[in-house]
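Remarks on the structure that follows.
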Amino acid sequence: MPSILRPTALAVAIGLAGTAAAATAPDRPWMDRSLSADKRAELVVAAISDDEKFALIHSKFGRKENEKEATPPEGALGGAGYMPGIPRLGLPVVQETDAGLGVARPAYAGKGGISLPAGLSTAASFDPAVARAGGRMIGGEARDSGFGVMLVGGVNIARDPRNGRNFEYAGEDPVLAGTLVGSAVKGVQDNRLVATVKHFAVNDLETGRNSHSAELDPVAMRESDLLAFQLAIAKGDPGSVMSSYNKVNGTWAGENDWLLNRVLKGEWGFRGFVMSDWGGAHSGATAALAGLDQESAAEAFDSEVFFDKPLRAALADGSFPKERLDDMARRILRSLFAHGVIDEPPKVGKIDVAADRDVARDTEEAGAVLLRNEAGLLPLAGKGQSVAVIGGHADKGVLAGGGSSLVTDLSGDPVTGLQPTTWPGPVKYHPSAPLAFIRPMAEKATFDPGTDPAAAAKAAAAADVAIVFVTKWAAESFDTPDLALPDGQDALVEAVAKANPRTVVVLETNGPVKMPWLDHVGAVLQAWYPGSGGGDAIARLLYGKVSPGGRLPLSWPKDESQLPRPVIQGAGLPASGAPAERIDYNIEGADVGYRWYEKTGKEPLFPFGYGLTYASFAYDGFSVDTDPSGRPVAHLTVKNTGKVAASDVPQIYVTGPSGGTRRLAGWTKLTLDPGASRRVDIPLEPLALARWDDAGRRWRIGAGSYTLKLGRTAVDFEGEAKIELPESFPMAKAP
């Protein structure tokens with residue numbers, strides 16, 4: 001019998017809040033809200049037929065093959081998928097929608113949603129409250145659009161800045177990523193729906209994702225990719241986890257017994273269900289026995305519906321036990337009960353567009369990173385200062401990333417016809433034009449499209465300040481082969497900066513890009529993909545209505561030669577060749593990002609945790625002790641020594657008695673008025689202090705001396721403290 005069926009000490013029943021309805025029908029005892037979600041699911045499983053169980057364990061696609069058709073399939077809302085209901089039992093249809101930035105679906109009847117900025121912007125906020133607010137906003141839109149499952153919660157770590165899907169994720173550090181994604185998941189599920197942490201696991205490159213094997217030592221995996229998932233799941237309590245497309249050490253992730261049964265469901269005690277990615281299933285009984293609970297949209301994406309005829313045949317011949325079929329159905333139902341989807345089925349309602357757009361704007365303001373600000377060029381003066389706004393369709397909107405996470409903005413698409421127009425496109429912009437928000441703040445603002453460097457330079461020379469918007473599109477299913485800006489944009493920036501050294505560059509990119517012109521411009525603001533409130537946020541940041549609040553959630557290399565794999569075989573769109581069959585992540589192992597730079601002695605262009613703002617901060621009184629539970633806590637006083645209110649992010653890095661590279665163990669984000677100071681306490685993440693003990697199959701904090709460094713970045717330190725800790729064996733816990 002597969003390990004999925006064994007009881008685990010970590011398994012804790014989660015009861016659904018609320019009292020039982022006074023008139024619960026005697027033939028529907030599972031509708032009694034006073035019962036636990038586990039008990040209610042068991043009652044349903046006992047009452048349904050095997051045919052109804054099979055209907056639960058493979059969802060259907062929510063769109064027609066031709067997405068231009070005016071209506072979705074019968075029973076669907078046009079989302080990523082849906083689970084047909086069981087009316088005789090009072091179980092509703094459950095609709096599923098992509099993805100992590102908002103409600104993504106074809107614009108049936110002109111409908112769309114409000115998009116958060118890139119996940120990297122949320123990660124750059126270093127603020128769980130920002131992540132939760134964003135999750136709550138998009139989860140609310142999902143519920144008010146009729147969806148009960150949201151495929152949100154991407155926590156694959158950024159091993160390579162060229163990964164086409166980094167904008168959906170939360171950076172290179174597993175503790176930061178797991179904490180922020182866990183908070184976003186909680187925000188989504190605050191709306192009584194199911195969130196889906198994904199893509200489990202080591203789905204760290206898009207090139208060849210449907211065929212390559214991610215090769216990584218299991219201990220290194222525990223301390224990097226899996227740590228991010230473990231924390232996100234512990235802190236967010238998602239109803240579902242999605243397996244990834246790739247193989248992991250030679251076995252498909254959706255058929256990987258070690259990942260799904262032993263680690264996820266066994267050691268971590270995950271009580272929800274595991275769904276495949278769309279087109280990510282490869283077998284029936286093999287996958288089901290390895291821990292996959294639901295095949296997603298199989299009719300449209302898989303070579304056959306593996307969780308129908310093939311699995312029925314295995315059930316008939318005894319190679320697939322009835323107990324496992326029941327377990328699969330029970331896990332799905334349990335999550336739907338636990339998170340309120342069955343008791344309060346989502347219905348189409350009214351969305352507060354203005355309020356949601358403000359949440360998107362606030363998230364961008366918290367996560368945009370000021371990389372350069374020579375001679376205090378920013379914030380701009382406004383009165384008496386003319387600006388030339390150049391390039392990047394800044395007169396129309398802000399760029400969005402592509403693929404399944406793309407949100408069709410409720411206000412439409414202001415820039416059409418950009419290539420590619422088919423998958424993983426179309427390339428779209430959100431209609432939040434920076435120029436429209438800059439004009440009321442500037443004395444005078446002109447616009448040049450940036451297609452002719454000479455004309456742009458002329459416009460820049462005639463203004464007091466030039467603001468150049470540069471873009472680089474990325475999307476699911478491919479990686480960029482290099483870090484260069486496309487379409488001659490480097491030449492554009494060089495020409496503008498030569499004409500006017502008071503040049504500000506605003507980057508709308510998936511992440512790091514090479515900047516050969518960096519020393520020639522006055523300021524650089526990384527805006528990521530800015531989302532539905534992006535134009536407003538960018539203008540407010542440039543003019544000092546708010547101070548930039550972001551810190552880099554990933555290291556910014558000087559060029560590709562600094563990366564563990566300087567070349568991605570087969571990268572690009574179209575692909576530059578056949579992808580690699582194996583991706584060797586053992587090159588860096590658990591030393592991802594800033595730890596790679598420390599290990600190799602290389603200096604990135606900008607380090608992890610870096611970000612400027614319009615104020616300055618002083619630190620004092622750094623110390624470390626333990627709280628009554630034995631958890632280490634760092635203490636310091638932070639003072640705003642600048643002239644404007646701004647946010648700061650003190651960061652704590654740890655090195656244990658066994659040595660190795662430094663790891664981020666804790667941080668806090670605080671906003672202070674000029675001259676104000678605050679004493680802060682920063683509880684440290686025990687799993688950042690621990691190492692994985694593979695023989696004991698547990699996390700272990702070894703006895704000895706731990707060095708804690710107070711940093712402004714992963715390389716810029718302001719203080720050091722040591723603490724002696726006894727041996728202990730921590731577990732991932734909710735905050």
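Residue numbers start at 1 in each chain; chains themselves are named A, B, ... in the order of the structure tokens; ligands are numbered from 1 in the order shown.
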
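Neighbouring residues of segment 408-415 of chain A at 7 Å or closer, counting only C-alpha atoms and skipping chain neighbours under 6 positions away, are Ala104, Ala107, Lys111, Gly112, Gly113, Ile114, Ser115, Lys396, Gly397, Lys428, Tyr429, His430, Pro431 and Ser532 of chain A.
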
Output of the above residues as a PDB file, in the first residue's frame, restricted to C-alpha atoms:
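Saved the output as result_0.pdb:
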ATOM      1  CA  ALA A 104      -6.568  35.251 -15.912  1.00  0.00           C
ATOM      2  CA  ALA A 107     -12.115  38.023 -22.232  1.00  0.00           C
ATOM      3  CA  LYS A 111     -14.580  40.374 -18.691  1.00  0.00           C
ATOM      4  CA  GLY A 112     -11.123  40.502 -17.179  1.00  0.00           C
ATOM      5  CA  GLY A 113      -9.477  41.471 -13.923  1.00  0.00           C
ATOM      6  CA  ILE A 114      -7.051  43.729 -12.116  1.00  0.00           C
ATOM      7  CA  SER A 115      -3.455  42.515 -12.234  1.00  0.00           C
ATOM      8  CA  LYS A 396      -0.332  53.758 -23.471  1.00  0.00           C
ATOM      9  CA  GLY A 397       0.421  51.485 -20.532  1.00  0.00           C
ATOM     10  CA  LYS A 428      -0.069  42.742 -23.674  1.00  0.00           C
ATOM     11  CA  TYR A 429       0.131  46.007 -21.792  1.00  0.00           C
ATOM     12  CA  HIS A 430      -2.002  47.045 -18.855  1.00  0.00           C
ATOM     13  CA  PRO A 431      -3.760  50.374 -19.528  1.00  0.00           C
ATOM     14  CA  SER A 532      -2.761  47.425 -13.365  1.00  0.00           C
TER      15      SER A 532
END

Residue contacts of Glu508 of chain A (12 Å, only C-alpha atoms) excluding same-chain residues fewer than 4 positions away, as number ranges by chain: A: 117-118, 120-121, 167, 364, 368-369, 391-394, 397-401, 429, 434, 468-474, 485, 512-513, 524-531, 534-535, 538

Within 6 Å of Met275 of chain A using only C-alpha atoms, minus same-chain residues under 3 positions, as a count of residues only: 4

Minimum-distance residue to Val504 of chain A, chosen among A:Gly402, A:Pro449, A:Gly100, A:Gly376 (using only C-alpha atoms): A:Gly376

Residue contacts of Thr613 of chain A (9 Å, only C-alpha atoms) excluding same-chain residues fewer than 2 positions away, as number ranges by chain: A: 369-370, 373, 547-550, 611, 615-616, 646-648

Spatial neighbours of segment 303-317 of chain A, 8 Å, only C-alpha atoms, chain gap at least 5 places, as a PyMOL selection string: chain A and resi 54+57-58+281-285+294-295+298+322

Could you save those same residues with N, CA, C and O atoms as a PDB file, in the first residue's frame?
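Saved file out.pdb follows:
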ATOM      1  N   PHE A  54     -14.351   9.067  -9.922  1.00  0.00           N
ATOM      2  CA  PHE A  54     -13.526   9.293 -11.111  1.00  0.00           C
ATOM      3  C   PHE A  54     -13.810  10.660 -11.730  1.00  0.00           C
ATOM      4  O   PHE A  54     -12.917  11.295 -12.292  1.00  0.00           O
ATOM      5  N   ILE A  57     -11.609  13.146  -9.807  1.00  0.00           N
ATOM      6  CA  ILE A  57     -10.149  13.081  -9.867  1.00  0.00           C
ATOM      7  C   ILE A  57      -9.568  13.472 -11.222  1.00  0.00           C
ATOM      8  O   ILE A  57      -8.356  13.393 -11.407  1.00  0.00           O
ATOM      9  N   HIS A  58     -10.410  13.872 -12.160  1.00  0.00           N
ATOM     10  CA  HIS A  58      -9.849  14.533 -13.347  1.00  0.00           C
ATOM     11  C   HIS A  58     -10.753  15.697 -13.739  1.00  0.00           C
ATOM     12  O   HIS A  58     -11.927  15.524 -14.048  1.00  0.00           O
ATOM     13  N   ALA A 281       0.549  15.176 -16.878  1.00  0.00           N
ATOM     14  CA  ALA A 281       0.328  13.793 -16.445  1.00  0.00           C
ATOM     15  C   ALA A 281       0.836  12.827 -17.515  1.00  0.00           C
ATOM     16  O   ALA A 281       0.762  13.106 -18.712  1.00  0.00           O
ATOM     17  N   HIS A 282       1.346  11.697 -17.060  1.00  0.00           N
ATOM     18  CA  HIS A 282       1.955  10.742 -17.987  1.00  0.00           C
ATOM     19  C   HIS A 282       1.488   9.302 -17.777  1.00  0.00           C
ATOM     20  O   HIS A 282       1.875   8.417 -18.547  1.00  0.00           O
ATOM     21  N   SER A 283       0.687   9.057 -16.755  1.00  0.00           N
ATOM     22  CA  SER A 283       0.270   7.679 -16.487  1.00  0.00           C
ATOM     23  C   SER A 283      -0.936   7.686 -15.564  1.00  0.00           C
ATOM     24  O   SER A 283      -1.297   8.721 -14.984  1.00  0.00           O
ATOM     25  N   GLY A 284      -1.528   6.509 -15.411  1.00  0.00           N
ATOM     26  CA  GLY A 284      -2.655   6.349 -14.518  1.00  0.00           C
ATOM     27  C   GLY A 284      -2.239   5.843 -13.157  1.00  0.00           C
ATOM     28  O   GLY A 284      -1.971   6.613 -12.244  1.00  0.00           O
ATOM     29  N   ALA A 285      -2.160   4.529 -13.010  1.00  0.00           N
ATOM     30  CA  ALA A 285      -1.867   3.948 -11.703  1.00  0.00           C
ATOM     31  C   ALA A 285      -0.510   4.371 -11.171  1.00  0.00           C
ATOM     32  O   ALA A 285      -0.349   4.603  -9.967  1.00  0.00           O
ATOM     33  N   GLN A 294      -5.208  14.390  -8.679  1.00  0.00           N
ATOM     34  CA  GLN A 294      -6.133  14.881  -9.698  1.00  0.00           C
ATOM     35  C   GLN A 294      -5.378  15.207 -10.985  1.00  0.00           C
ATOM     36  O   GLN A 294      -4.345  15.885 -10.952  1.00  0.00           O
ATOM     37  N   GLU A 295      -5.890  14.721 -12.096  1.00  0.00           N
ATOM     38  CA  GLU A 295      -5.353  15.045 -13.413  1.00  0.00           C
ATOM     39  C   GLU A 295      -6.110  16.253 -13.947  1.00  0.00           C
ATOM     40  O   GLU A 295      -7.340  16.267 -13.975  1.00  0.00           O
ATOM     41  N   ALA A 298      -7.497  17.038 -18.592  1.00  0.00           N
ATOM     42  CA  ALA A 298      -6.808  15.987 -19.339  1.00  0.00           C
ATOM     43  C   ALA A 298      -7.250  15.901 -20.786  1.00  0.00           C
ATOM     44  O   ALA A 298      -6.436  15.676 -21.692  1.00  0.00           O
ATOM     45  N   LYS A 322      -8.718   0.202  -4.147  1.00  0.00           N
ATOM     46  CA  LYS A 322      -9.898   1.046  -3.924  1.00  0.00           C
ATOM     47  C   LYS A 322      -9.615   2.087  -2.843  1.00  0.00           C
ATOM     48  O   LYS A 322     -10.128   3.214  -2.900  1.00  0.00           O
TER      49      LYS A 322
END

Given only C-alpha atoms as the counted atoms, nearest of A:Asp277, A:Gly572, A:Gly577, A:Leu708 to His635 of chain A: A:Leu708

For Pro686 of chain A, the nearest of the candidates A:His199, A:Lys444, A:Lys722, A:Arg631, counting only C-alpha atoms: A:Arg631

In segment 382-603 of chain A, DSSP strand (DSSP E or B) residues written as a PyMOL selection string: chain A and resi 386-390+398-399+402+409+429-430+444-448+465-471+475+503-508+523-526+556+582-584

Residue nearest Thr661 of chain A - candidates A:Arg700, A:Arg679, A:Arg595, A:Arg105, atoms counted: only C-alpha atoms: A:Arg595

Nearest residue to Phe622 of chain A from the set A:Gly719, A:Pro238, A:Gly280, A:Gly675 (distances using only C-alpha atoms):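 Smallest distance to Phe622 of chain A is found for A:Gly719.
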
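If only C-alpha atoms are the atoms counted, then among A:Gly522, A:Pro218, A:Gly533, A:Leu176 the closest residue to Leu684 of chain A is A:Leu176.
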
If we count only C-alpha atoms and set the cut-off at 8 Å, which residues sit around Pro346 of chain A, ignoring sequence neighbours fewer than 5 positions away in its own chain? Please answer as a CSV table (one decimal) with N, CA and C atoms, in the first residue's frame.
chain,number,residue,atom,x,y,z
A,143,ARG,N,-13.3,35.0,-6.4
A,143,ARG,CA,-14.6,34.6,-5.8
A,143,ARG,C,-15.8,35.3,-6.5
A,144,ASP,N,-15.6,36.7,-6.7
A,144,ASP,CA,-16.6,37.5,-7.3
A,144,ASP,C,-16.7,37.2,-8.8
A,145,SER,N,-15.8,36.4,-9.4
A,145,SER,CA,-15.9,36.0,-10.8
A,145,SER,C,-16.5,34.6,-10.9
A,146,GLY,N,-16.8,34.0,-9.7
A,146,GLY,CA,-17.3,32.6,-9.7
A,146,GLY,C,-16.4,31.5,-9.6
A,147,PHE,N,-15.1,31.8,-9.2
A,147,PHE,CA,-14.1,30.7,-9.1
A,147,PHE,C,-13.9,30.3,-7.7
A,148,GLY,N,-13.7,28.9,-7.5
A,148,GLY,CA,-13.5,28.4,-6.2
A,148,GLY,C,-12.1,27.9,-6.0
A,341,VAL,N,-15.5,26.3,0.1
A,341,VAL,CA,-16.0,26.3,-1.3
A,341,VAL,C,-17.4,25.6,-1.4

Would you list the contacts of Ile438 of chain A as an mmCIF file with N, CA, C and O atoms, in the first residue's frame, taking every protein, DNA or RNA residue within 10 Å and counting only C-alpha atoms, but skipping same-chain residues closer than 4 positions in sequence?
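out.cif written:
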data_model
loop_
_atom_site.group_PDB
_atom_site.id
_atom_site.type_symbol
_atom_site.label_atom_id
_atom_site.label_comp_id
_atom_site.auth_asym_id
_atom_site.auth_seq_id
_atom_site.Cartn_x
_atom_site.Cartn_y
_atom_site.Cartn_z
ATOM 1 N N GLY A 382 9.081 68.472 -10.234
ATOM 2 C CA GLY A 382 7.728 68.817 -10.652
ATOM 3 C C GLY A 382 7.644 70.243 -11.123
ATOM 4 O O GLY A 382 7.882 70.550 -12.300
ATOM 5 N N VAL A 387 9.955 67.524 -18.543
ATOM 6 C CA VAL A 387 10.450 66.165 -18.740
ATOM 7 C C VAL A 387 10.098 65.694 -20.142
ATOM 8 O O VAL A 387 9.060 66.061 -20.699
ATOM 9 N N VAL A 389 9.388 62.183 -21.800
ATOM 10 C CA VAL A 389 9.100 60.767 -21.556
ATOM 11 C C VAL A 389 9.317 60.032 -22.870
ATOM 12 O O VAL A 389 8.757 60.408 -23.905
ATOM 13 N N ALA A 433 -1.082 54.160 -18.078
ATOM 14 C CA ALA A 433 0.000 54.829 -18.806
ATOM 15 C C ALA A 433 0.797 55.750 -17.891
ATOM 16 O O ALA A 433 0.239 56.703 -17.326
ATOM 17 N N PRO A 434 2.099 55.516 -17.710
ATOM 18 C CA PRO A 434 2.897 56.428 -16.884
ATOM 19 C C PRO A 434 2.785 57.887 -17.309
ATOM 20 O O PRO A 434 2.713 58.787 -16.464
ATOM 21 N N ALA A 442 4.308 67.164 -13.643
ATOM 22 C CA ALA A 442 5.417 67.868 -14.288
ATOM 23 C C ALA A 442 4.999 69.263 -14.734
ATOM 24 O O ALA A 442 3.813 69.522 -15.010
ATOM 25 N N GLU A 443 5.970 70.165 -14.812
ATOM 26 C CA GLU A 443 5.706 71.486 -15.394
ATOM 27 C C GLU A 443 5.280 71.344 -16.847
ATOM 28 O O GLU A 443 4.349 71.994 -17.320
ATOM 29 N N LYS A 444 5.980 70.450 -17.548
ATOM 30 C CA LYS A 444 5.672 70.165 -18.940
ATOM 31 C C LYS A 444 6.191 68.767 -19.244
ATOM 32 O O LYS A 444 7.285 68.399 -18.810
ATOM 33 N N ALA A 445 5.407 67.985 -19.972
ATOM 34 C CA ALA A 445 5.829 66.632 -20.322
ATOM 35 C C ALA A 445 5.547 66.373 -21.787
ATOM 36 O O ALA A 445 4.430 66.566 -22.262
ATOM 37 N N GLY A 535 1.301 52.548 -13.854
ATOM 38 C CA GLY A 535 1.603 53.895 -14.304
ATOM 39 C C GLY A 535 1.500 54.902 -13.183
ATOM 40 O O GLY A 535 2.352 55.801 -13.032
ATOM 41 N N ASP A 536 0.453 54.777 -12.388
ATOM 42 C CA ASP A 536 0.252 55.640 -11.224
ATOM 43 C C ASP A 536 1.409 55.485 -10.244
ATOM 44 O O ASP A 536 1.985 56.475 -9.754
ATOM 45 N N ILE A 538 4.503 54.352 -10.708
ATOM 46 C CA ILE A 538 5.777 54.843 -11.232
ATOM 47 C C ILE A 538 5.856 56.362 -11.119
ATOM 48 O O ILE A 538 6.878 56.926 -10.687
ATOM 49 N N ALA A 539 4.777 57.051 -11.484
ATOM 50 C CA ALA A 539 4.782 58.514 -11.386
ATOM 51 C C ALA A 539 4.935 58.965 -9.939
ATOM 52 O O ALA A 539 5.702 59.898 -9.642
ATOM 53 N N ARG A 540 4.228 58.339 -9.035
ATOM 54 C CA ARG A 540 4.318 58.711 -7.616
ATOM 55 C C ARG A 540 5.712 58.456 -7.061
ATOM 56 O O ARG A 540 6.220 59.224 -6.237
ATOM 57 N N LEU A 542 8.576 58.431 -8.913
ATOM 58 C CA LEU A 542 9.509 59.368 -9.542
ATOM 59 C C LEU A 542 9.406 60.767 -8.949
ATOM 60 O O LEU A 542 10.405 61.489 -8.853
ATOM 61 N N TYR A 543 8.212 61.150 -8.529
ATOM 62 C CA TYR A 543 8.004 62.507 -8.020
ATOM 63 C C TYR A 543 7.952 62.577 -6.496
ATOM 64 O O TYR A 543 7.615 63.613 -5.931
#

Point-to-point distance in Å for atom CA of Arg691 of chain A and atom CA of Gly269 of chain A: 19.9 Å

Pairwise distance for atom CA of Lys53 of chain A and atom CA of Gly85 of chain A, rounded to one decimal in Å: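 Taking atom CA of Lys53 of chain A and atom CA of Gly85 of chain A, their separation equals 11.2 Å.
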